file query_27.txt (compact mmCIF, C-alpha atoms and all ligand atoms)
# COMPACT_ATOMS: atom_id res chain seq x y z
CA MET A 212 -9.64 -12.41 18.90
CA THR A 213 -8.20 -8.90 19.12
CA TRP A 214 -4.82 -8.23 17.66
CA PRO A 215 -2.48 -7.17 20.47
CA HIS A 216 -0.99 -3.70 20.06
CA GLU A 217 2.44 -3.76 21.68
CA THR A 218 3.58 -0.22 20.84
CA TYR A 219 0.64 1.89 19.67
CA SER A 220 -2.77 1.44 21.28
CA LYS A 221 -3.85 5.10 21.58
CA ILE A 222 -3.81 7.87 19.00
CA LYS A 223 -1.93 10.18 21.39
CA GLN A 224 0.99 7.73 21.31
CA LEU A 225 1.66 8.44 17.63
CA PRO A 226 4.79 10.56 17.16
CA LEU A 227 3.83 14.23 16.91
CA GLU A 228 6.77 15.13 14.73
CA GLU A 229 6.09 15.20 11.00
CA GLN A 230 8.66 13.61 8.69
CA VAL A 231 6.82 14.55 5.48
CA LEU A 232 6.19 18.28 5.57
CA PRO A 233 3.33 20.04 3.77
CA GLY A 234 3.86 21.74 0.45
CA THR A 235 4.16 18.93 -2.09
CA SER A 236 2.60 19.12 -5.53
CA LEU A 237 0.62 15.88 -5.16
CA CYS A 238 -3.16 16.12 -5.69
CA ALA A 239 -5.41 17.37 -2.90
CA GLY A 240 -6.74 14.44 -0.87
CA CYS A 241 -4.09 11.96 -2.08
CA GLY A 242 -4.60 8.85 0.05
CA GLY A 243 -1.09 7.63 -0.73
CA LEU A 244 0.47 10.75 0.75
CA GLU A 245 -1.52 10.39 3.97
CA THR A 246 -0.39 6.77 4.32
CA LEU A 247 3.22 7.75 3.75
CA ARG A 248 2.92 10.61 6.24
CA LEU A 249 1.75 8.22 8.98
CA ALA A 250 4.32 5.56 8.14
CA ALA A 251 7.16 8.11 8.09
CA LYS A 252 6.23 9.30 11.59
CA VAL A 253 7.00 5.82 12.91
CA LEU A 254 10.08 5.28 10.73
CA GLY A 255 11.58 8.51 12.07
CA GLU A 256 14.23 10.78 10.66
CA LYS A 257 17.02 8.34 9.86
CA VAL A 258 15.61 7.10 6.59
CA VAL A 259 16.62 7.09 2.98
CA PHE A 260 13.69 6.78 0.56
CA VAL A 261 14.44 5.10 -2.76
CA ASN A 262 11.63 6.43 -4.90
CA ALA A 263 10.65 4.68 -8.12
CA ALA A 264 9.13 6.87 -10.85
CA GLY A 265 5.45 7.56 -10.24
CA CYS A 266 3.22 10.13 -8.55
CA PHE A 267 5.63 10.42 -5.64
CA THR A 268 8.24 11.74 -8.04
CA LEU A 269 6.40 14.99 -7.44
CA LEU A 270 7.39 14.93 -3.79
CA ALA A 271 10.73 16.44 -4.65
CA VAL A 272 11.57 19.39 -6.82
CA TYR A 273 15.35 19.50 -6.91
CA PRO A 274 17.01 20.60 -4.66
CA PHE A 275 14.03 20.55 -2.27
CA THR A 276 12.13 17.63 -0.74
CA PRO A 277 9.48 17.60 2.00
CA PHE A 278 11.44 14.90 3.89
CA HIS A 279 13.66 15.35 6.90
CA GLY A 280 15.51 12.28 5.66
CA SER A 281 17.18 11.53 2.33
CA TRP A 282 15.62 10.73 -1.03
CA LEU A 283 16.99 8.97 -4.10
CA TYR A 284 15.08 8.83 -7.35
CA THR A 285 15.27 5.71 -9.54
CA THR A 286 13.65 4.24 -12.63
CA MET A 287 10.59 2.08 -12.07
CA GLY A 288 12.32 -1.26 -12.33
CA SER A 289 15.48 -0.48 -10.40
CA ALA A 290 14.34 0.75 -6.98
CA PRO A 291 15.23 -2.56 -5.23
CA ALA A 292 18.70 -2.43 -6.86
CA GLY A 293 19.05 1.16 -5.62
CA ALA A 294 18.12 -0.02 -2.13
CA GLN A 295 20.78 -2.75 -2.34
CA GLY A 296 23.45 -0.22 -3.33
CA ILE A 297 22.60 2.10 -0.46
CA ARG A 298 22.42 -0.76 2.07
CA ASP A 299 25.82 -2.06 0.92
CA ALA A 300 27.36 1.41 1.10
CA LEU A 301 26.02 1.95 4.63
CA ASP A 302 27.27 -1.48 5.74
CA VAL A 303 30.75 -0.83 4.34
CA LEU A 304 30.95 2.59 6.00
CA ILE A 305 29.85 1.11 9.34
CA ALA A 306 32.33 -1.80 9.03
CA LYS A 307 35.16 0.66 8.32
CA ARG A 308 34.03 2.79 11.29
CA ARG A 309 33.52 5.77 9.03
CA LEU A 310 29.85 5.87 10.06
CA PRO A 311 28.81 5.30 13.69
CA LYS A 312 26.24 2.50 13.96
CA GLU A 313 23.78 4.90 15.61
CA GLU A 314 23.74 6.92 12.40
CA ASP A 315 22.67 3.98 10.28
CA LEU A 316 19.69 4.68 7.99
CA LYS A 317 16.55 2.67 7.26
CA VAL A 318 16.41 1.96 3.54
CA VAL A 319 12.87 2.30 2.19
CA VAL A 320 11.72 1.66 -1.37
CA LEU A 321 8.78 3.93 -2.18
CA ALA A 322 6.78 2.75 -5.17
CA GLY A 323 3.36 2.66 -6.79
CA ASP A 324 1.55 -0.50 -7.82
CA GLY A 325 2.74 -0.33 -11.44
CA THR A 326 6.29 -0.65 -10.14
CA THR A 327 5.45 -3.10 -7.36
CA TYR A 328 3.10 -5.52 -9.09
CA GLU A 329 4.81 -5.36 -12.48
CA MET A 330 7.92 -3.46 -13.48
CA ALA A 331 10.14 -4.09 -10.45
CA LEU A 332 8.78 -7.51 -9.54
CA SER A 333 11.77 -9.55 -10.72
CA ALA A 334 14.23 -7.12 -9.08
CA THR A 335 12.16 -7.33 -5.89
CA SER A 336 12.10 -11.12 -6.02
CA ALA A 337 15.89 -11.12 -6.31
CA ALA A 338 16.26 -8.64 -3.44
CA ILE A 339 14.07 -10.79 -1.18
CA GLY A 340 16.09 -13.82 -2.27
CA ARG A 341 19.27 -12.02 -1.14
CA ASN A 342 17.57 -11.22 2.19
CA LEU A 343 18.20 -7.52 1.68
CA ASP A 344 17.50 -5.56 4.84
CA PHE A 345 14.99 -3.04 3.50
CA TYR A 346 11.40 -1.83 3.67
CA TYR A 347 9.26 -1.84 0.57
CA PHE A 348 6.45 0.70 0.92
CA CYS A 349 3.90 0.45 -1.89
CA TYR A 350 1.20 3.09 -2.21
CA ASP A 351 -1.32 1.05 -4.15
CA ASN A 352 -3.64 3.37 -6.08
CA GLU A 353 -4.60 0.48 -8.37
CA ALA A 354 -3.39 2.10 -11.61
CA TYR A 355 -0.49 3.78 -13.35
CA ALA A 356 -1.84 7.08 -12.05
CA ASN A 357 0.96 9.50 -12.80
CA THR A 358 0.87 8.91 -16.54
CA GLY A 359 -2.91 9.09 -16.98
CA VAL A 360 -4.49 6.31 -14.88
CA GLN A 361 -3.79 3.27 -17.03
CA LEU A 362 -4.60 -0.35 -16.13
CA SER A 363 -2.10 -2.13 -13.87
CA SER A 364 -2.08 -5.63 -12.37
CA ALA A 365 -3.44 -4.04 -9.20
CA THR A 366 -6.56 -2.66 -10.89
CA PRO A 367 -9.58 -4.48 -9.47
CA TYR A 368 -12.31 -6.25 -11.44
CA GLY A 369 -14.97 -3.83 -12.65
CA ALA A 370 -12.86 -0.67 -12.47
CA ARG A 371 -12.61 1.55 -15.48
CA THR A 372 -9.19 2.95 -16.43
CA THR A 373 -8.09 4.95 -19.45
CA THR A 374 -6.78 1.79 -21.11
CA SER A 375 -9.69 -0.41 -20.01
CA PRO A 376 -12.78 1.72 -20.63
CA CYS A 377 -16.22 0.15 -20.41
CA SER A 378 -17.57 -0.46 -23.89
CA LEU A 379 -20.19 -2.49 -25.68
CA GLN A 380 -17.73 -5.41 -25.82
CA HIS A 381 -16.57 -4.93 -22.19
CA PRO A 382 -19.50 -3.43 -20.28
CA ALA A 383 -17.92 -4.13 -16.88
CA GLY A 384 -14.61 -2.40 -17.72
CA THR A 385 -11.64 -4.36 -16.34
CA VAL A 386 -12.44 -8.05 -16.01
CA ARG A 387 -8.99 -9.15 -14.86
CA GLU A 388 -8.66 -9.84 -11.14
CA LYS A 389 -6.22 -7.85 -9.03
CA LYS A 390 -2.90 -9.66 -8.64
CA ASP A 391 -2.33 -10.98 -5.11
CA ILE A 392 1.04 -9.37 -4.41
CA PHE A 393 0.73 -10.14 -0.67
CA GLU A 394 0.76 -13.87 -1.48
CA ILE A 395 3.51 -13.47 -4.10
CA TRP A 396 5.72 -11.85 -1.48
CA ARG A 397 4.68 -14.45 1.10
CA ALA A 398 5.72 -17.27 -1.20
CA HIS A 399 9.27 -15.82 -0.95
CA ARG A 400 9.13 -16.27 2.85
CA PRO A 401 10.27 -12.77 3.89
CA PRO A 402 10.11 -12.06 7.63
CA TYR A 403 7.37 -9.41 7.50
CA ILE A 404 4.50 -8.37 5.22
CA ALA A 405 1.52 -6.19 6.08
CA THR A 406 -1.36 -4.38 4.45
CA LEU A 407 -2.15 -0.85 5.63
CA SER A 408 -4.87 1.77 5.49
CA ALA A 409 -4.48 5.41 6.48
CA ARG A 410 -8.00 5.29 7.94
CA TYR A 411 -6.73 2.81 10.57
CA PRO A 412 -3.71 4.74 11.88
CA LEU A 413 -3.09 2.65 14.98
CA ASP A 414 -3.11 -0.57 13.00
CA LEU A 415 -0.74 1.09 10.52
CA ALA A 416 1.63 2.46 13.18
CA GLU A 417 1.74 -0.84 15.05
CA LYS A 418 2.73 -2.65 11.86
CA LEU A 419 5.49 -0.13 11.10
CA ALA A 420 6.77 -0.54 14.67
CA ARG A 421 6.82 -4.33 14.30
CA ALA A 422 8.58 -4.12 10.96
CA SER A 423 11.21 -1.80 12.49
CA ARG A 424 12.25 -4.56 14.90
CA ILE A 425 12.82 -7.12 12.13
CA ALA A 426 15.85 -7.36 9.82
CA GLY A 427 15.40 -8.45 6.22
CA PRO A 428 12.90 -7.66 3.47
CA LYS A 429 9.62 -6.14 4.70
CA LEU A 430 6.60 -5.25 2.57
CA LEU A 431 4.15 -2.53 3.65
CA LEU A 432 1.29 -2.47 1.20
CA ALA A 433 -0.98 0.55 1.57
CA LEU A 434 -4.29 0.91 -0.25
CA SER A 435 -4.18 4.50 -1.44
CA PRO A 436 -7.46 6.07 -2.54
CA CYS A 437 -6.78 8.39 -5.45
CA PRO A 438 -9.41 11.13 -5.97
CA THR A 439 -8.00 11.97 -9.39
CA GLY A 440 -7.82 8.45 -10.77
CA TRP A 441 -10.81 6.89 -8.98
CA GLY A 442 -13.11 9.86 -9.42
CA PHE A 443 -14.34 11.13 -6.06
CA ASP A 444 -14.12 14.42 -4.23
CA PRO A 445 -10.86 14.85 -2.26
CA PHE A 446 -12.77 15.33 1.01
CA GLN A 447 -14.09 11.75 0.64
CA THR A 448 -10.65 10.08 0.83
CA PRO A 449 -11.08 8.95 4.46
CA GLU A 450 -14.56 7.53 3.73
CA VAL A 451 -13.38 5.64 0.64
CA ALA A 452 -10.43 4.24 2.62
CA ARG A 453 -12.73 3.22 5.48
CA LEU A 454 -15.26 1.51 3.21
CA ALA A 455 -12.53 -0.47 1.41
CA VAL A 456 -11.81 -2.10 4.77
CA GLU A 457 -15.36 -2.26 6.15
CA THR A 458 -16.70 -3.97 3.01
CA GLY A 459 -13.92 -6.56 3.30
CA LEU A 460 -12.36 -5.62 -0.04
CA TRP A 461 -9.07 -4.54 1.58
CA PRO A 462 -8.25 -6.98 4.40
CA LEU A 463 -5.97 -5.61 7.10
CA LYS A 464 -3.45 -8.34 7.86
CA GLU A 465 0.18 -9.18 8.47
CA ALA A 466 2.38 -12.20 7.88
CA VAL A 467 5.22 -12.72 10.36
CA GLN A 468 7.63 -15.38 9.09
CA GLY A 469 4.85 -16.45 6.72
CA GLU A 470 2.12 -16.83 9.36
CA VAL A 471 -0.91 -14.71 8.49
CA THR A 472 -3.00 -12.84 11.06
CA HIS A 473 -5.97 -10.66 10.19
CA THR A 474 -5.43 -7.62 12.36
CA TYR A 475 -9.00 -6.36 12.03
CA VAL A 476 -12.09 -8.33 11.04
CA PRO A 477 -14.84 -6.06 9.70
CA LYS A 478 -18.56 -6.76 10.14
CA ARG A 479 -18.68 -6.33 6.34
CA ARG A 480 -20.96 -3.88 4.62
CA PRO A 481 -22.03 -4.63 1.02
CA VAL A 482 -19.27 -3.90 -1.53
CA GLU A 483 -21.74 -1.65 -3.29
CA ASP A 484 -21.33 0.99 -0.55
CA TYR A 485 -17.69 1.35 -1.60
CA LEU A 486 -18.16 1.02 -5.37
CA ARG A 487 -20.93 3.63 -5.56
CA LEU A 488 -18.70 6.43 -4.27
CA GLN A 489 -16.32 6.21 -7.22
CA GLU A 490 -16.54 7.32 -10.82
CA ARG A 491 -14.38 4.37 -11.96
CA PHE A 492 -17.23 1.99 -11.00
CA ARG A 493 -20.14 4.25 -12.06
CA HIS A 494 -20.90 2.14 -15.18
CA LEU A 495 -21.80 -0.77 -12.88
CA PHE A 496 -24.81 1.25 -11.69
CA GLU A 497 -25.70 3.63 -14.57
CA PRO A 498 -27.37 3.75 -17.04
CA THR A 499 -28.33 0.17 -16.14
CA ARG A 500 -27.32 -1.81 -13.11
CA GLN A 501 -24.83 -4.61 -13.96
CA GLU A 502 -26.04 -7.10 -11.39
CA ALA A 503 -23.73 -9.94 -12.49
CA ALA A 504 -20.58 -7.82 -12.19
CA ILE A 505 -21.54 -6.42 -8.77
CA ARG A 506 -22.45 -9.93 -7.60
CA HIS A 507 -19.10 -11.23 -8.87
CA ILE A 508 -17.21 -8.69 -6.75
CA GLN A 509 -19.33 -9.47 -3.68
CA ASP A 510 -18.92 -13.23 -4.17
CA ARG A 511 -15.14 -12.95 -4.30
CA VAL A 512 -15.07 -10.99 -1.05
CA ASP A 513 -17.46 -13.46 0.61
CA ALA A 514 -15.32 -16.38 -0.54
CA TYR A 515 -12.16 -14.72 0.82
CA TRP A 516 -13.61 -14.22 4.30
CA SER A 517 -15.12 -17.74 4.32
CA ARG A 518 -11.62 -19.08 3.69
CA VAL A 519 -10.24 -16.89 6.49
CA ARG A 520 -12.83 -18.29 8.91
CA ALA A 521 -12.20 -21.87 7.78
CA GLU A 522 -8.41 -21.94 7.62
CA PRO A 523 -6.07 -22.23 10.58
CA PRO A 524 -3.00 -19.87 10.36
CA ARG A 525 -0.30 -21.10 7.97
C1 LIG B 1 10.27 1.79 -17.90
C2 LIG B 1 9.35 2.97 -17.78
N1 LIG B 1 8.21 2.99 -18.50
C3 LIG B 1 7.38 4.05 -18.38
C4 LIG B 1 7.70 5.11 -17.58
C5 LIG B 1 6.77 6.30 -17.48
N2 LIG B 1 6.16 6.38 -16.19
C6 LIG B 1 6.55 7.27 -15.25
S1 LIG B 1 5.61 7.22 -13.87
C7 LIG B 1 4.66 5.98 -14.54
C8 LIG B 1 3.48 5.42 -13.78
C9 LIG B 1 3.90 4.66 -12.56
O1 LIG B 1 2.81 3.94 -12.07
P1 LIG B 1 2.77 3.41 -10.59
O2 LIG B 1 4.01 2.66 -10.26
O3 LIG B 1 1.49 2.69 -10.38
O4 LIG B 1 2.81 4.73 -9.73
P2 LIG B 1 1.74 5.92 -9.75
O5 LIG B 1 1.90 6.63 -11.05
O6 LIG B 1 0.41 5.32 -9.59
O7 LIG B 1 2.18 6.76 -8.63
C10 LIG B 1 5.09 5.62 -15.81
C11 LIG B 1 4.46 4.60 -16.65
C12 LIG B 1 8.90 5.05 -16.87
N3 LIG B 1 9.25 6.03 -16.04
N4 LIG B 1 9.71 3.98 -16.98
S1 LIG B 2 -3.02 10.93 -9.12
FE1 LIG B 2 -3.81 9.92 -7.32
S2 LIG B 2 -2.07 8.86 -6.36
FE2 LIG B 2 -1.28 10.39 -7.83
S3 LIG B 2 -0.90 12.21 -6.57
FE3 LIG B 2 -2.94 12.40 -7.45
S4 LIG B 2 -4.32 11.54 -5.88
FE4 LIG B 2 -2.23 10.86 -5.38
call {"tool": "encode", "arguments": {"input": "query_27.txt", "output": "structure tokens", "more": "lines below"}}
Ligand SMILES: Cc1ncc(C[n+]2csc(CCOP(=O)(O)OP(=O)(O)O)c2C)c(N)n1
Ligand code: SF4
result
Amino acid sequence: MTWPHETYSKIKQLPLEEQVLPGTSLCAGCGGLETLRLAAKVLGEKVVFVNAAGCFTLLAVYPFTPFHGSWLYTTMGSAPAGAQGIRDALDVLIAKRRLPKEEDLKVVVLAGDGTTYEMALSATSAAIGRNLDFYYFCYDNEAYANTGVQLSSATPYGARTTTSPCSLQHPAGTVREKKDIFEIWRAHRPPYIATLSARYPLDLAEKLARASRIAGPKLLLALSPCPTGWGFDPFQTPEVARLAVETGLWPLKEAVQGEVTHTYVPKRRPVEDYLRLQERFRHLFEPTRQEAAIRHIQDRVDAYWSRVRAEPPR
């Protein structure tokens, strides 16, 4: 089955106008920035970003930002509360006719995985519970990157971080599994959740367009290859992003009112093709190949896609 594209089916349909202008101090080849750039094109100009501390802090150097829209900086745990305050203020201004409805803004939390999977999770849960009308855009680089690439709950099995190095006691590096934030959000029954990849821009744009038509809490979870933290050359960002999807490690999917659809089903290359490109997994191959760890990662991906094939939509 092919996923129907209602708004974006050709690259030339993507908005030409840039909402995130060049000239930020993020690293060259930052996959998160590319994902945000594409998402912002669809969101348009009338946006206020509520940015939790992280790499994207570097997007703005007061009083300048690369955005056409507005930007508010918050602590890691309080971005959803910041979004609530802005949403309430906008609603009050509209109700009092001090702001025309056409000038309403989309309220978008912008946060890394440390914030999303951990520090702001209870605030996010509460915001979803209050049915806050906001977007939550997570650039998931699978670590606390901005402070030195430490382990987060989004770090995948087998990856090395500065706080989970591979050692004699832990030859595979991280042996915790990545937290399933998609399912944690889905358990709250928000109206819209999607995973994104910058390497699949039409899939990404279509999901942003769908989210824009839905009121309430919306999660947009973007895998964000990080040359600095993952250890690959910046020119390889598109290839790393592509292989995450083609190996089946990063499923592209959405959940509308809780019902999951896989928006692209890859033929599935071996996970090794993806792992081998990155320094954070190098110890799985050198100096000796860690067959059990590589097999473990492959088995988990195989099991995931077997479940997808077996299960009817929920
Ligand atoms: C409560 C709190 N603890 C620690 C910090 C220091 N700090 C600033 S950015 C950051 C990393 C954020 O990680 P993540 O959300 O994954 O975003 P990334 O750095 O990957 O962009 C940390 C720990 C902080 N700002 N607030
Ligand atoms: S550390 Fe990684 S996520 Fe952060 S700006 Fe650099 S490339 Fe992007």
call {"tool": "residues_near_ligand", "arguments": {"input": "query_27.txt", "ligand": "ligand LIG 2 (chain B)", "cutoff": "10 Å", "atoms": "all atoms listed in the file", "output": "PyMOL selection string"}}
result
chain A and resi 235-245+265-270+323+350-360+435-442+445+448
call {"tool": "residues_around", "arguments": {"input": "query_27.txt", "residues": "Tyr273 in chain A", "least_positions_apart": "6", "cutoff": "12 Å", "atoms": "only C-alpha atoms", "output": "list in words"}}
result
Trp282, Leu283 and Tyr284 of chain A
call {"tool": "atom_distance", "arguments": {"input": "query_27.txt", "atom1": "atom N3 of ligand LIG 1 (chain B)", "atom2": "CA of Phe446 in chain A"}}
result
29.4 Å
call {"tool": "closest_residue", "arguments": {"input": "query_27.txt", "among": "A:Leu419, A:His507, A:Val320, A:Ala426", "to": "ligand LIG 1 (chain B)", "atoms": "all atoms listed in the file"}}
result
A:Val320
call {"tool": "closest_residue", "arguments": {"input": "query_27.txt", "among": "A:Ala521, A:Met287, A:Ala251, A:Ala455", "to": "ligand LIG 1 (chain B)", "atoms": "all atoms listed in the file"}}
result
A:Met287
call {"tool": "closest_residue", "arguments": {"input": "query_27.txt", "among": "A:Pro367, A:Gly288, A:Pro498, A:Pro401", "to": "ligand LIG 1 (chain B)", "atoms": "all atoms listed in the file"}}
result
A:Gly288
call {"tool": "closest_residue", "arguments": {"input": "query_27.txt", "among": "A:Phe345, A:Tyr328, A:Tyr515, A:Tyr475", "to": "ligand LIG 1 (chain B)", "atoms": "all atoms listed in the file"}}
result
A:Tyr328
call {"tool": "axis_aligned_box", "arguments": {"input": "query_27.txt", "around": "ligand LIG 1 (chain B)", "padding_each_side": "4 Å", "output": "AutoDock Vina command-line options"}}
result
--center_x 5.3 --center_y 4.5 --center_z -13.6 --size_x 17.9 --size_y 13.5 --size_z 17.9
call {"tool": "residues_around", "arguments": {"input": "query_27.txt", "residues": "Arg453 in chain A", "least_positions_apart": "4", "cutoff": "12 Å", "atoms": "all atoms listed in the file", "output": "NGL selection string"}}
result
:A and (242 or 407-412 or 434-436 or 447-449 or 457-463 or 477 or 479-480 or 482 or 484-485 or 488)
call {"tool": "write_last_selection", "arguments": {"input": "query_27.txt", "atoms": "C-alpha atoms", "output": "PDB file, keeping the file's coordinate frame"}}
result
ATOM      1  CA  GLY A 242      -4.600   8.850   0.050  1.00  0.00           C
ATOM      2  CA  LEU A 407      -2.150  -0.850   5.630  1.00  0.00           C
ATOM      3  CA  SER A 408      -4.870   1.770   5.490  1.00  0.00           C
ATOM      4  CA  ALA A 409      -4.480   5.410   6.480  1.00  0.00           C
ATOM      5  CA  ARG A 410      -8.000   5.290   7.940  1.00  0.00           C
ATOM      6  CA  TYR A 411      -6.730   2.810  10.570  1.00  0.00           C
ATOM      7  CA  PRO A 412      -3.710   4.740  11.880  1.00  0.00           C
ATOM      8  CA  LEU A 434      -4.290   0.910  -0.250  1.00  0.00           C
ATOM      9  CA  SER A 435      -4.180   4.500  -1.440  1.00  0.00           C
ATOM     10  CA  PRO A 436      -7.460   6.070  -2.540  1.00  0.00           C
ATOM     11  CA  GLN A 447     -14.090  11.750   0.640  1.00  0.00           C
ATOM     12  CA  THR A 448     -10.650  10.080   0.830  1.00  0.00           C
ATOM     13  CA  PRO A 449     -11.080   8.950   4.460  1.00  0.00           C
ATOM     14  CA  GLU A 457     -15.360  -2.260   6.150  1.00  0.00           C
ATOM     15  CA  THR A 458     -16.700  -3.970   3.010  1.00  0.00           C
ATOM     16  CA  GLY A 459     -13.920  -6.560   3.300  1.00  0.00           C
ATOM     17  CA  LEU A 460     -12.360  -5.620  -0.040  1.00  0.00           C
ATOM     18  CA  TRP A 461      -9.070  -4.540   1.580  1.00  0.00           C
ATOM     19  CA  PRO A 462      -8.250  -6.980   4.400  1.00  0.00           C
ATOM     20  CA  LEU A 463      -5.970  -5.610   7.100  1.00  0.00           C
ATOM     21  CA  PRO A 477     -14.840  -6.060   9.700  1.00  0.00           C
ATOM     22  CA  ARG A 479     -18.680  -6.330   6.340  1.00  0.00           C
ATOM     23  CA  ARG A 480     -20.960  -3.880   4.620  1.00  0.00           C
ATOM     24  CA  VAL A 482     -19.270  -3.900  -1.530  1.00  0.00           C
ATOM     25  CA  ASP A 484     -21.330   0.990  -0.550  1.00  0.00           C
ATOM     26  CA  TYR A 485     -17.690   1.350  -1.600  1.00  0.00           C
ATOM     27  CA  LEU A 488     -18.700   6.430  -4.270  1.00  0.00           C
TER      28      LEU A 488
END
call {"tool": "atom_distance", "arguments": {"input": "query_27.txt", "atom1": "CA of Glu228 in chain A", "atom2": "CA of Val258 in chain A"}}
result
14.5 Å
call {"tool": "residues_around", "arguments": {"input": "query_27.txt", "residues": "Thr472 in chain A", "least_positions_apart": "6", "cutoff": "9 Å", "atoms": "only C-alpha atoms", "output": "list in words"}}
result
Trp214, Leu463, Lys464, Glu465, Ala466 and Pro524 of chain A
call {"tool": "residues_around", "arguments": {"input": "query_27.txt", "residues": "Thr366 in chain A", "least_positions_apart": "2", "cutoff": "10 Å", "atoms": "only C-alpha atoms", "output": "ChimeraX atom specification"}}
result
/A:324-325,351-355,361-364,368-372,375,385-390
call {"tool": "atom_distance", "arguments": {"input": "query_27.txt", "atom1": "CA of Arg341 in chain A", "atom2": "CA of Pro428 in chain A"}}
result
9.0 Å
call {"tool": "closest_residue", "arguments": {"input": "query_27.txt", "among": "A:Ala416, A:Val519, A:Ala365, A:Ala338", "to": "ligand LIG 1 (chain B)", "atoms": "all atoms listed in the file"}}
result
A:Ala365
call {"tool": "closest_residue", "arguments": {"input": "query_27.txt", "among": "A:Leu316, A:Leu430, A:Leu486, A:Ala306", "to": "Leu254 in chain A", "atoms": "all atoms listed in the file"}}
result
A:Leu316
call {"tool": "residues_near_point", "arguments": {"input": "query_27.txt", "point": "(-20.5, 0.1, -11.2)", "cutoff": "9 Å", "atoms": "all atoms listed in the file", "output": "list of chain:residue names"}}
result
A:Gly369, A:Ala370, A:Ala383, A:Glu483, A:Leu486, A:Arg487, A:Gln489, A:Glu490, A:Arg491, A:Phe492, A:Arg493, A:His494, A:Leu495, A:Phe496, A:Glu497, A:Arg500, A:Gln501, A:Ala504, A:Ile505
call {"tool": "residues_around", "arguments": {"input": "query_27.txt", "residues": "Cys349 in chain A", "least_positions_apart": "6", "cutoff": "7 Å", "atoms": "all atoms listed in the file", "output": "MDAnalysis selection string"}}
result
chainID A and resid 321:324 327 431:433
